[in-house]
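Q: What follows is query.tsv; its format and atoms are TSV, C-alpha atoms and all ligand atoms.
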```tsv
chain	number	residue	atom	x	y	z
A	1	MET	CA	-0.10	-30.93	8.47
A	2	ASP	CA	0.88	-28.13	6.08
A	3	ASN	CA	0.39	-25.04	8.23
A	4	ASN	CA	0.34	-22.87	5.11
A	5	LYS	CA	-2.84	-24.55	3.94
A	6	ARG	CA	-6.19	-23.28	5.04
A	7	PRO	CA	-8.17	-26.21	6.49
A	8	GLU	CA	-11.37	-26.85	4.56
A	9	THR	CA	-13.28	-26.79	7.83
A	10	MET	CA	-12.07	-23.29	8.76
A	11	GLU	CA	-15.05	-21.00	9.16
A	12	ARG	CA	-15.00	-17.70	7.25
A	13	ILE	CA	-14.64	-14.71	9.57
A	14	THR	CA	-17.63	-12.55	8.74
A	15	THR	CA	-18.74	-11.12	12.08
A	16	LYS	CA	-17.25	-9.28	15.04
A	17	GLU	CA	-17.89	-12.32	17.26
A	18	LEU	CA	-15.91	-14.61	14.96
A	19	ALA	CA	-13.18	-11.98	14.67
A	20	ASP	CA	-12.96	-11.63	18.46
A	21	LYS	CA	-12.59	-15.39	18.78
A	22	PHE	CA	-9.86	-15.42	16.13
A	23	ILE	CA	-8.05	-12.55	17.87
A	24	GLU	CA	-8.13	-14.36	21.23
A	25	GLU	CA	-6.70	-17.51	19.64
A	26	GLN	CA	-3.97	-15.61	17.87
A	27	ILE	CA	-3.00	-13.68	21.01
A	28	ARG	CA	-2.58	-16.99	22.82
A	29	GLU	CA	-0.58	-18.55	19.98
A	30	VAL	CA	1.70	-15.55	19.50
A	31	ARG	CA	2.48	-15.32	23.23
A	32	GLU	CA	3.26	-19.02	23.27
A	33	GLN	CA	5.46	-18.74	20.19
A	34	VAL	CA	7.56	-15.71	21.13
A	35	GLY	CA	7.64	-15.77	24.94
A	36	ASP	CA	9.43	-12.64	26.13
A	37	LYS	CA	11.40	-12.15	22.89
A	38	LYS	CA	11.17	-9.12	20.61
A	39	VAL	CA	9.36	-9.21	17.26
A	40	LEU	CA	10.11	-6.96	14.29
A	41	LEU	CA	7.51	-5.82	11.76
A	42	ALA	CA	7.78	-3.69	8.62
A	43	LEU	CA	4.70	-1.51	8.97
A	44	SER	CA	3.76	0.07	5.65
A	45	GLY	CA	0.39	1.32	6.84
A	46	GLY	CA	-1.46	-0.95	4.42
A	47	VAL	CA	-4.36	-3.02	5.71
A	48	ASP	CA	-2.44	-6.26	6.24
A	49	SER	CA	0.59	-4.93	8.09
A	50	SER	CA	-1.61	-2.57	10.13
A	51	VAL	CA	-3.90	-5.39	11.26
A	52	VAL	CA	-0.89	-7.52	12.19
A	53	ALA	CA	0.59	-4.59	14.12
A	54	ALA	CA	-2.65	-3.94	16.03
A	55	LEU	CA	-3.01	-7.63	16.85
A	56	LEU	CA	0.58	-7.97	18.03
A	57	ILE	CA	0.36	-4.80	20.12
A	58	LYS	CA	-2.55	-6.48	21.92
A	59	ALA	CA	-0.64	-9.72	22.30
A	60	ILE	CA	2.85	-8.56	23.25
A	61	GLY	CA	2.76	-4.75	23.60
A	62	LYS	CA	6.20	-3.14	23.47
A	63	GLN	CA	7.92	-6.42	22.57
A	64	LEU	CA	6.76	-5.58	19.06
A	65	VAL	CA	9.06	-3.18	17.21
A	66	CYS	CA	7.45	-1.66	14.12
A	67	VAL	CA	9.60	-0.05	11.46
A	68	HIS	CA	7.88	2.32	9.05
A	69	VAL	CA	10.03	3.13	6.02
A	70	ASN	CA	8.94	6.25	4.18
A	71	HIS	CA	10.41	5.68	0.73
A	72	GLY	CA	9.37	9.14	-0.41
A	73	LEU	CA	6.76	7.58	-2.69
A	74	MET	CA	3.91	7.59	-0.21
A	75	ARG	CA	0.69	9.50	-0.80
A	76	LYS	CA	0.12	12.86	0.87
A	77	ASN	CA	0.12	12.58	4.69
A	78	GLU	CA	0.29	8.81	4.57
A	79	SER	CA	3.40	8.33	6.69
A	80	GLU	CA	2.27	11.06	9.09
A	81	ASN	CA	-1.01	9.17	9.57
A	82	VAL	CA	0.80	5.91	10.31
A	83	VAL	CA	2.93	7.61	12.95
A	84	GLU	CA	-0.09	9.39	14.45
A	85	LEU	CA	-2.18	6.22	14.70
A	86	PHE	CA	0.44	3.78	15.89
A	87	THR	CA	2.63	5.99	18.06
A	88	ASN	CA	0.15	8.46	19.48
A	89	GLN	CA	-3.02	6.41	19.64
A	90	LEU	CA	-1.89	2.80	19.97
A	91	ASP	CA	1.31	3.56	21.89
A	92	ALA	CA	3.34	1.28	19.63
A	93	ASN	CA	7.09	0.90	19.70
A	94	LEU	CA	7.55	2.49	16.25
A	95	VAL	CA	10.74	3.43	14.45
A	96	TYR	CA	10.07	5.95	11.67
A	97	VAL	CA	12.67	6.16	8.92
A	98	ASP	CA	12.55	8.92	6.34
A	99	ALA	CA	14.54	7.35	3.50
A	100	THR	CA	13.22	9.68	0.79
A	101	ASP	CA	16.66	10.83	-0.36
A	102	ARG	CA	18.08	7.30	-0.51
A	103	PHE	CA	15.26	6.17	-2.80
A	104	LEU	CA	14.97	9.24	-4.99
A	105	ASP	CA	18.74	9.46	-5.51
A	106	LEU	CA	18.85	5.84	-6.67
A	107	LEU	CA	15.84	6.32	-8.94
A	108	ALA	CA	17.14	9.49	-10.60
A	109	GLY	CA	17.30	9.00	-14.36
A	110	VAL	CA	15.82	5.47	-14.28
A	111	SER	CA	12.86	5.22	-16.64
A	112	ASP	CA	12.30	1.48	-17.10
A	113	PRO	CA	9.31	0.40	-14.94
A	114	GLU	CA	10.73	-2.99	-13.99
A	115	LYS	CA	14.10	-1.45	-13.09
A	116	LYS	CA	12.27	1.11	-10.93
A	117	ARG	CA	10.36	-1.68	-9.15
A	118	LYS	CA	13.58	-3.63	-8.55
A	119	ILE	CA	15.41	-0.59	-7.17
A	120	ILE	CA	12.53	0.26	-4.83
A	121	GLY	CA	12.17	-3.37	-3.63
A	122	ALA	CA	15.91	-3.82	-3.07
A	123	GLU	CA	16.39	-0.48	-1.33
A	124	PHE	CA	13.45	-1.21	0.92
A	125	ILE	CA	15.26	-4.33	2.10
A	126	ASN	CA	18.49	-2.35	2.59
A	127	VAL	CA	16.81	0.33	4.71
A	128	PHE	CA	14.82	-2.19	6.72
A	129	ALA	CA	17.90	-4.36	7.27
A	130	ASP	CA	19.92	-1.32	8.39
A	131	GLU	CA	17.27	-0.60	11.02
A	132	ALA	CA	17.02	-4.24	12.08
A	133	ARG	CA	20.79	-4.40	12.67
A	134	LYS	CA	20.55	-1.41	15.02
A	135	LEU	CA	18.06	-3.23	17.25
A	136	ASP	CA	19.14	-5.57	20.03
A	137	GLY	CA	17.63	-8.93	20.75
A	138	VAL	CA	15.00	-9.18	18.04
A	139	ALA	CA	14.19	-12.86	17.64
A	140	TYR	CA	11.16	-12.98	15.37
A	141	LEU	CA	10.04	-11.36	12.14
A	142	ALA	CA	6.34	-10.60	11.77
A	143	GLN	CA	4.75	-10.32	8.34
A	144	GLY	CA	1.38	-9.32	6.99
A	145	THR	CA	1.18	-12.34	4.70
A	146	ILE	CA	-2.41	-13.19	3.78
A	147	TYR	CA	-3.82	-16.31	2.11
A	148	PRO	CA	-3.87	-14.91	-1.46
A	149	ASP	CA	-0.11	-14.23	-1.08
A	150	ILE	CA	0.42	-17.90	-0.29
A	151	LEU	CA	-1.75	-18.96	-3.24
A	152	GLU	CA	0.14	-16.54	-5.50
A	153	SER	CA	3.52	-17.97	-4.41
A	154	ILE	CA	2.28	-21.47	-5.20
A	155	LYS	CA	1.25	-20.30	-8.69
A	156	GLN	CA	4.63	-18.66	-9.25
A	157	ALA	CA	6.44	-21.76	-8.03
A	158	GLU	CA	4.47	-23.68	-10.67
A	159	GLY	CA	6.01	-21.36	-13.25
A	160	LYS	CA	3.03	-19.17	-14.18
A	161	LYS	CA	4.28	-15.87	-15.60
A	162	ALA	CA	3.12	-12.49	-14.27
A	163	VAL	CA	2.74	-9.34	-16.40
A	164	LYS	CA	4.56	-7.24	-13.81
A	165	SER	CA	6.83	-8.16	-10.96
A	166	HIS	CA	4.56	-7.41	-8.01
A	167	HIS	CA	6.94	-8.90	-5.50
A	168	ASN	CA	7.61	-5.86	-3.39
A	169	VAL	CA	10.02	-7.32	-0.93
A	170	GLY	CA	12.52	-10.06	-1.55
A	171	GLY	CA	14.42	-12.05	1.07
A	172	LEU	CA	16.39	-10.41	3.84
A	173	PRO	CA	20.23	-10.49	3.80
A	174	GLU	CA	21.99	-13.60	5.13
A	175	ASP	CA	23.34	-11.92	8.27
A	176	LEU	CA	19.84	-11.18	9.54
A	177	LYS	CA	18.66	-14.34	11.17
A	178	PHE	CA	15.40	-14.83	13.02
A	179	ASP	CA	14.17	-17.73	15.16
A	180	GLY	CA	10.96	-17.75	13.17
A	181	LEU	CA	8.18	-15.87	11.43
A	182	VAL	CA	5.04	-14.54	13.04
A	183	GLU	CA	2.24	-14.46	10.47
A	184	PRO	CA	-1.05	-14.32	12.33
A	185	VAL	CA	-3.29	-13.57	9.33
A	186	LYS	CA	-1.66	-15.87	6.78
A	187	LEU	CA	-4.72	-18.10	6.43
A	188	LEU	CA	-7.17	-15.22	6.01
A	189	PHE	CA	-8.66	-13.69	2.90
A	190	LYS	CA	-8.68	-9.91	2.56
A	191	ASP	CA	-12.33	-9.47	3.60
A	192	GLU	CA	-11.62	-11.44	6.79
A	193	VAL	CA	-8.53	-9.35	7.54
A	194	ARG	CA	-10.74	-6.26	7.34
A	195	VAL	CA	-13.31	-7.73	9.75
A	196	VAL	CA	-10.48	-8.55	12.17
A	197	GLY	CA	-9.08	-5.02	11.74
A	198	GLU	CA	-12.38	-3.44	12.68
A	199	ALA	CA	-12.75	-5.79	15.66
A	200	LEU	CA	-9.30	-4.60	16.78
A	201	GLY	CA	-10.58	-1.03	16.72
A	202	LEU	CA	-8.63	0.24	13.72
A	203	PRO	CA	-10.31	3.18	11.95
A	204	HIS	CA	-12.80	2.22	9.22
A	205	ALA	CA	-10.99	4.38	6.66
A	206	MET	CA	-7.75	2.50	7.25
A	207	VAL	CA	-9.32	-0.96	7.21
A	208	TYR	CA	-11.27	-0.28	4.01
A	209	ARG	CA	-8.67	1.82	2.27
A	210	GLN	CA	-8.02	1.18	-1.40
A	211	PRO	CA	-5.05	-0.95	-2.39
A	212	PHE	CA	-1.78	0.90	-2.87
A	213	PRO	CA	1.13	-0.77	-4.65
A	214	GLY	CA	4.40	-1.40	-2.80
A	215	PRO	CA	6.39	0.86	-5.15
A	216	GLY	CA	3.85	3.58	-4.37
A	217	LEU	CA	3.74	6.74	-6.42
A	218	GLY	CA	6.96	5.52	-8.04
A	219	VAL	CA	4.94	3.64	-10.69
A	220	ARG	CA	2.54	6.58	-11.17
A	221	CYS	CA	5.20	9.23	-11.76
A	222	LEU	CA	5.87	7.71	-15.17
A	223	GLY	CA	9.38	7.27	-16.55
A	224	ALA	CA	12.31	8.84	-14.73
A	225	ILE	CA	11.02	10.33	-11.46
A	226	THR	CA	11.77	13.95	-10.70
A	227	ARG	CA	11.00	15.59	-7.38
A	228	ASP	CA	8.88	18.37	-8.88
A	229	ARG	CA	6.70	16.02	-10.93
A	230	LEU	CA	6.40	13.64	-7.96
A	231	HIS	CA	5.26	16.55	-5.83
A	232	ALA	CA	2.65	17.57	-8.43
A	233	LEU	CA	1.40	13.97	-8.60
A	234	ARG	CA	1.08	13.72	-4.82
A	235	GLU	CA	-0.89	16.98	-4.60
A	236	ALA	CA	-3.18	16.07	-7.52
A	237	ASP	CA	-3.80	12.61	-6.07
A	238	ALA	CA	-4.74	14.14	-2.71
A	239	ILE	CA	-7.32	16.37	-4.43
A	240	LEU	CA	-8.78	13.39	-6.30
A	241	ARG	CA	-9.09	11.42	-3.06
A	242	ASP	CA	-10.61	14.38	-1.26
A	243	GLU	CA	-13.28	14.84	-3.94
A	244	PHE	CA	-14.01	11.11	-4.05
A	245	ASP	CA	-14.53	11.18	-0.28
A	246	LYS	CA	-16.76	14.24	-0.41
A	247	ASN	CA	-18.88	12.82	-3.24
A	248	GLY	CA	-19.41	9.34	-1.80
A	249	LEU	CA	-17.28	7.68	-4.48
A	250	ALA	CA	-14.54	6.37	-2.21
A	251	GLU	CA	-16.75	3.49	-1.05
A	252	LYS	CA	-17.96	2.70	-4.55
A	253	VAL	CA	-14.73	2.61	-6.51
A	254	TRP	CA	-12.15	-0.10	-5.85
A	255	GLN	CA	-9.07	1.88	-6.81
A	256	TYR	CA	-8.68	5.50	-7.93
A	257	PHE	CA	-5.56	7.55	-8.37
A	258	VAL	CA	-3.65	10.02	-10.49
A	259	VAL	CA	-0.84	9.28	-12.93
A	260	VAL	CA	1.51	11.97	-14.22
A	261	PRO	CA	3.48	11.20	-17.41
A	262	ASP	CA	6.72	12.85	-18.36
A	263	VAL	CA	5.12	14.92	-21.12
A	264	LYS	CA	4.38	18.61	-21.24
A	265	SER	CA	1.77	20.40	-23.29
A	266	VAL	CA	1.19	24.07	-23.92
A	267	GLY	CA	-1.48	25.80	-21.92
A	268	VAL	CA	-2.37	29.30	-20.87
A	269	LYS	CA	-2.61	30.82	-17.42
A	270	ASP	CA	-2.98	34.48	-16.45
A	271	GLU	CA	-2.83	35.29	-20.17
A	272	SER	CA	0.63	33.73	-20.51
A	273	ARG	CA	1.94	30.53	-22.00
A	274	TYR	CA	1.90	27.83	-19.31
A	275	GLU	CA	3.59	24.54	-20.06
A	276	GLY	CA	2.61	21.74	-17.76
A	277	TRP	CA	2.07	18.01	-17.30
A	278	PRO	CA	-1.32	16.36	-17.61
A	279	ALA	CA	-2.83	14.65	-14.54
A	280	ILE	CA	-4.47	11.41	-15.67
A	281	ILE	CA	-7.29	10.06	-13.52
A	282	ARG	CA	-7.77	6.30	-13.20
A	283	ALA	CA	-10.84	4.92	-11.37
A	284	VAL	CA	-11.53	1.21	-11.70
A	285	ASN	CA	-13.68	-1.49	-10.27
A	286	THR	CA	-12.66	-5.11	-10.07
A	287	LYS	CA	-13.09	-8.24	-7.99
A	288	ASP	CA	-9.60	-9.64	-8.18
A	289	ALA	CA	-7.48	-7.06	-10.11
A	290	MET	CA	-7.12	-9.55	-13.00
A	291	SER	CA	-9.62	-7.59	-15.06
A	292	ALA	CA	-11.17	-4.19	-14.35
A	293	THR	CA	-13.96	-1.94	-15.56
A	294	ILE	CA	-14.11	1.83	-15.62
A	295	GLU	CA	-16.28	3.59	-13.12
A	296	GLU	CA	-18.70	6.21	-14.44
A	297	ILE	CA	-17.83	9.35	-12.54
A	298	PRO	CA	-20.45	12.10	-12.73
A	299	TYR	CA	-19.32	14.93	-15.00
A	300	ALA	CA	-19.88	17.49	-12.26
A	301	VAL	CA	-17.33	15.70	-10.08
A	302	LEU	CA	-14.86	15.45	-12.97
A	303	HIS	CA	-15.26	19.19	-13.62
A	304	LYS	CA	-14.66	19.97	-9.96
A	305	ILE	CA	-11.56	17.78	-9.82
A	306	THR	CA	-10.23	19.35	-13.02
A	307	ALA	CA	-10.82	22.87	-11.75
A	308	ARG	CA	-9.15	22.16	-8.42
A	309	ILE	CA	-6.12	20.32	-9.78
A	310	THR	CA	-5.36	22.90	-12.45
A	311	ALA	CA	-5.84	25.78	-10.00
A	312	GLU	CA	-4.09	24.28	-6.97
A	313	VAL	CA	-1.27	22.15	-8.34
A	314	GLU	CA	1.85	23.82	-9.65
A	315	GLY	CA	2.97	22.31	-12.95
A	316	ILE	CA	-0.30	20.66	-14.04
A	317	ASN	CA	-2.24	22.28	-16.88
A	318	ARG	CA	-4.63	19.52	-18.04
A	319	VAL	CA	-6.69	16.73	-16.52
A	320	LEU	CA	-7.54	13.58	-18.49
A	321	TYR	CA	-9.77	10.63	-17.63
A	322	ASP	CA	-8.48	7.21	-18.67
A	323	LEU	CA	-11.37	5.14	-20.05
A	324	THR	CA	-9.39	1.98	-20.76
A	325	PRO	CA	-10.57	-1.22	-19.07
A	326	LYS	CA	-8.24	-4.08	-18.12
A	327	PRO	CA	-7.53	-5.75	-20.44
A	328	VAL	CA	-6.24	-4.06	-22.54
A	329	GLY	CA	-4.76	-1.53	-20.13
A	330	THR	CA	-3.38	-2.71	-16.81
A	331	ILE	CA	-4.66	-0.86	-13.76
A	332	GLU	CA	-1.35	0.92	-13.14
A	333	TRP	CA	0.35	2.60	-16.08
A	334	GLU	CA	3.69	1.01	-15.32
A	401	LIG	P1	-1.98	-4.01	-12.68
A	401	LIG	O1	-1.32	-2.72	-13.00
A	401	LIG	O2	-1.06	-5.19	-12.81
A	401	LIG	O3	-2.37	-3.91	-11.16
A	401	LIG	O4	-3.26	-4.21	-13.43
A	401	LIG	C1	-3.17	-4.83	-10.46
A	401	LIG	C2	-3.17	-4.45	-9.00
A	401	LIG	O5	-1.86	-4.62	-8.45
A	401	LIG	C3	-1.35	-3.40	-7.97
A	401	LIG	N1	0.08	-3.33	-8.34
A	401	LIG	C4	1.07	-3.58	-7.50
A	401	LIG	N2	1.05	-3.92	-6.19
A	401	LIG	N3	3.42	-3.97	-6.18
A	401	LIG	C5	2.21	-4.09	-5.54
A	401	LIG	O6	2.20	-4.35	-4.35
A	401	LIG	C6	3.52	-3.65	-7.49
A	401	LIG	O7	4.60	-3.54	-8.04
A	401	LIG	C7	2.28	-3.44	-8.18
A	401	LIG	N4	1.97	-3.11	-9.46
A	401	LIG	C8	0.61	-3.04	-9.53
A	401	LIG	C9	-2.17	-2.32	-8.63
A	401	LIG	O8	-2.19	-1.14	-7.83
A	401	LIG	C10	-3.53	-2.99	-8.75
A	401	LIG	O9	-4.25	-2.92	-7.53
```
Written as structure tokens, how would this file's structure read?
A:
Amino acid sequence: MDNNKRPETMERITTKELADKFIEEQIREVREQVGDKKVLLALSGGVDSSVVAALLIKAIGKQLVCVHVNHGLMRKNESENVVELFTNQLDANLVYVDATDRFLDLLAGVSDPEKKRKIIGAEFINVFADEARKLDGVAYLAQGTIYPDILESIKQAEGKKAVKSHHNVGGLPEDLKFDGLVEPVKLLFKDEVRVVGEALGLPHAMVYRQPFPGPGLGVRCLGAITRDRLHALREADAILRDEFDKNGLAEKVWQYFVVVPDVKSVGVKDESRYEGWPAIIRAVNTKDAMSATIEEIPYAVLHKITARITAEVEGINRVLYDLTPKPVGTIEWE
């Protein structure tokens, strides 16, 4: 039997009871598979890797070693929240690596989006591999693979071309050998992973958080990334998310974020010339990210966001709202 194929008879996990049953089965299987060996997991803080981490903590406790790589392209407080939840609340064995300088130094001056993606993906492997080599006796590699990832790989193997290279992480270097992979949610669809996450007790906001691309803010700080523009983007994005939360939009809109291009316009502040970047808001709804529509945000909310971003974020002097659906625009600008 192909154990990467979801059996047609497999029931969809839609309730806490079904999730609890799934969790029990997986705990048994994982314990059987790994025995008393250590398991390594790259924990980004996204839904899939977080659910796998929570499940494996239940199954094997401190035998699981989580590595969280902060590539310096995370949203505001994101890495801090991962550390707080997994180390302080779930008592995980978590290694936190602040690799901001490694990533930003490599990205300096690079403006081509595909080159940026490749650098971020490759450096992620380098940092993760460096950490893995420091650890003794790790036998298994855990991954947050979900069923759409498997379906996507099949499509790519059949030669279908993608618009962007979304493959965040390539293979690990030859010298890093594992006895096997631990992929407890590989036959689940995203909605099922979320149900399992809630059954495991993960916070609702984490389980239902919007998707965030692997290269992070790196593909939203358009062109060659600079630290000051990246900082402005992160602050503006945090304000957008805060206002979406406060106005009940976070649950209604599939993905919403800020993009900051490498363009300055003339503005005025405190009666003086004030050159700054524009913050571009993107808020889209979609079922599968293949096509997307624009969400109608109430003008009052847009005004509030504009007022806050221009007042609170150094370097931003305009706020724009991108009305382009996909197609013809893609969801991300790069
Ligand atoms: P696009 O821009 O292709 O985005 O319309 C569709 C969805 O994919 C996300 N995205 C990425 N995710 N690595 C990822 O993991 C990437 O390089 C990447 N590029 C885009 C995007 O956020 C949207 O949800």
Q: Ligand LIG 401 (chain A): which residues are within 6 Å, counting only C-alpha atoms and all ligand atoms, as a short mmCIF file (atom, residue, chain, number, x, y, z; two decimals) with C-alpha atoms, keeping the file's coordinate frame?
A:
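selection-v7.cif was written with the following content:
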```
data_model
loop_
_atom_site.label_atom_id
_atom_site.label_comp_id
_atom_site.auth_asym_id
_atom_site.auth_seq_id
_atom_site.Cartn_x
_atom_site.Cartn_y
_atom_site.Cartn_z
CA SER A 165 6.83 -8.16 -10.96
CA HIS A 166 4.56 -7.41 -8.01
CA ASN A 168 7.61 -5.86 -3.39
CA PRO A 211 -5.05 -0.95 -2.39
CA PHE A 212 -1.78 0.90 -2.87
CA PRO A 213 1.13 -0.77 -4.65
CA GLY A 214 4.40 -1.40 -2.80
CA PRO A 215 6.39 0.86 -5.15
CA ALA A 289 -7.48 -7.06 -10.11
CA THR A 330 -3.38 -2.71 -16.81
CA ILE A 331 -4.66 -0.86 -13.76
CA GLU A 332 -1.35 0.92 -13.14
#
```
Q: Dump as a Markdown table the rows for residues of stretch 165-210 of chain A within 12 Å of stretch 83-94 of chain A: closest atom pair and distance in Å with one decimal, all atoms listed in the file counted, ordered by chain and rising residue number.
A:
```
| residue | atom | partner | partner_atom | distance |
| --- | --- | --- | --- | --- |
| A:Leu200 | CA | A:Leu90 | CA | 10.9 |
| A:Gly201 | CA | A:Leu90 | CA | 10.0 |
| A:Leu202 | CA | A:Leu85 | CA | 8.9 |
| A:Pro203 | CA | A:Leu85 | CA | 9.1 |
| A:Met206 | CA | A:Leu85 | CA | 10.0 |
```
Q: Keeping only C-alpha atoms, write those residues as a PDB file, in the frame of the given file.
A:
```pdb
ATOM      1  CA  LEU A 200      -9.300  -4.600  16.780  1.00  0.00           C
ATOM      2  CA  GLY A 201     -10.580  -1.030  16.720  1.00  0.00           C
ATOM      3  CA  LEU A 202      -8.630   0.240  13.720  1.00  0.00           C
ATOM      4  CA  PRO A 203     -10.310   3.180  11.950  1.00  0.00           C
ATOM      5  CA  MET A 206      -7.750   2.500   7.250  1.00  0.00           C
TER       6      MET A 206
END
```
Q: Work out how far atom CA of A:Glu198 is from atom CA of A:Thr15, in Å to one decimal.
A: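 Going from atom CA of A:Thr15 over to atom CA of A:Glu198 covers 10.0 Å.
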Q: Adding 5 Å on each side of the box along x, y and z that holds all listed atoms of stretch 102-119 of chain A, could you give its centre and edge lengths in Å to one decimal, as JSON?
A:
```
{"center_x": 14.1, "center_y": 2.9, "center_z": -8.8, "size_x": 19.5, "size_y": 23.1, "size_z": 26.6}
```
Q: With all atoms listed in the file as the counted atoms, please give the residues lying no more than 8 Å from stretch 106-116 of chain A, apart from itself and same-chain residues fewer than 6 positions off, as a PDB file with C-alpha atoms, keeping the file's coordinate frame.
A:
```
ATOM      1  CA  LYS A 164       4.560  -7.240 -13.810  1.00  0.00           C
ATOM      2  CA  SER A 165       6.830  -8.160 -10.960  1.00  0.00           C
ATOM      3  CA  GLY A 218       6.960   5.520  -8.040  1.00  0.00           C
ATOM      4  CA  VAL A 219       4.940   3.640 -10.690  1.00  0.00           C
ATOM      5  CA  LEU A 222       5.870   7.710 -15.170  1.00  0.00           C
ATOM      6  CA  GLY A 223       9.380   7.270 -16.550  1.00  0.00           C
ATOM      7  CA  ALA A 224      12.310   8.840 -14.730  1.00  0.00           C
ATOM      8  CA  ILE A 225      11.020  10.330 -11.460  1.00  0.00           C
ATOM      9  CA  THR A 226      11.770  13.950 -10.700  1.00  0.00           C
ATOM     10  CA  GLU A 334       3.690   1.010 -15.320  1.00  0.00           C
TER      11      GLU A 334
END
```
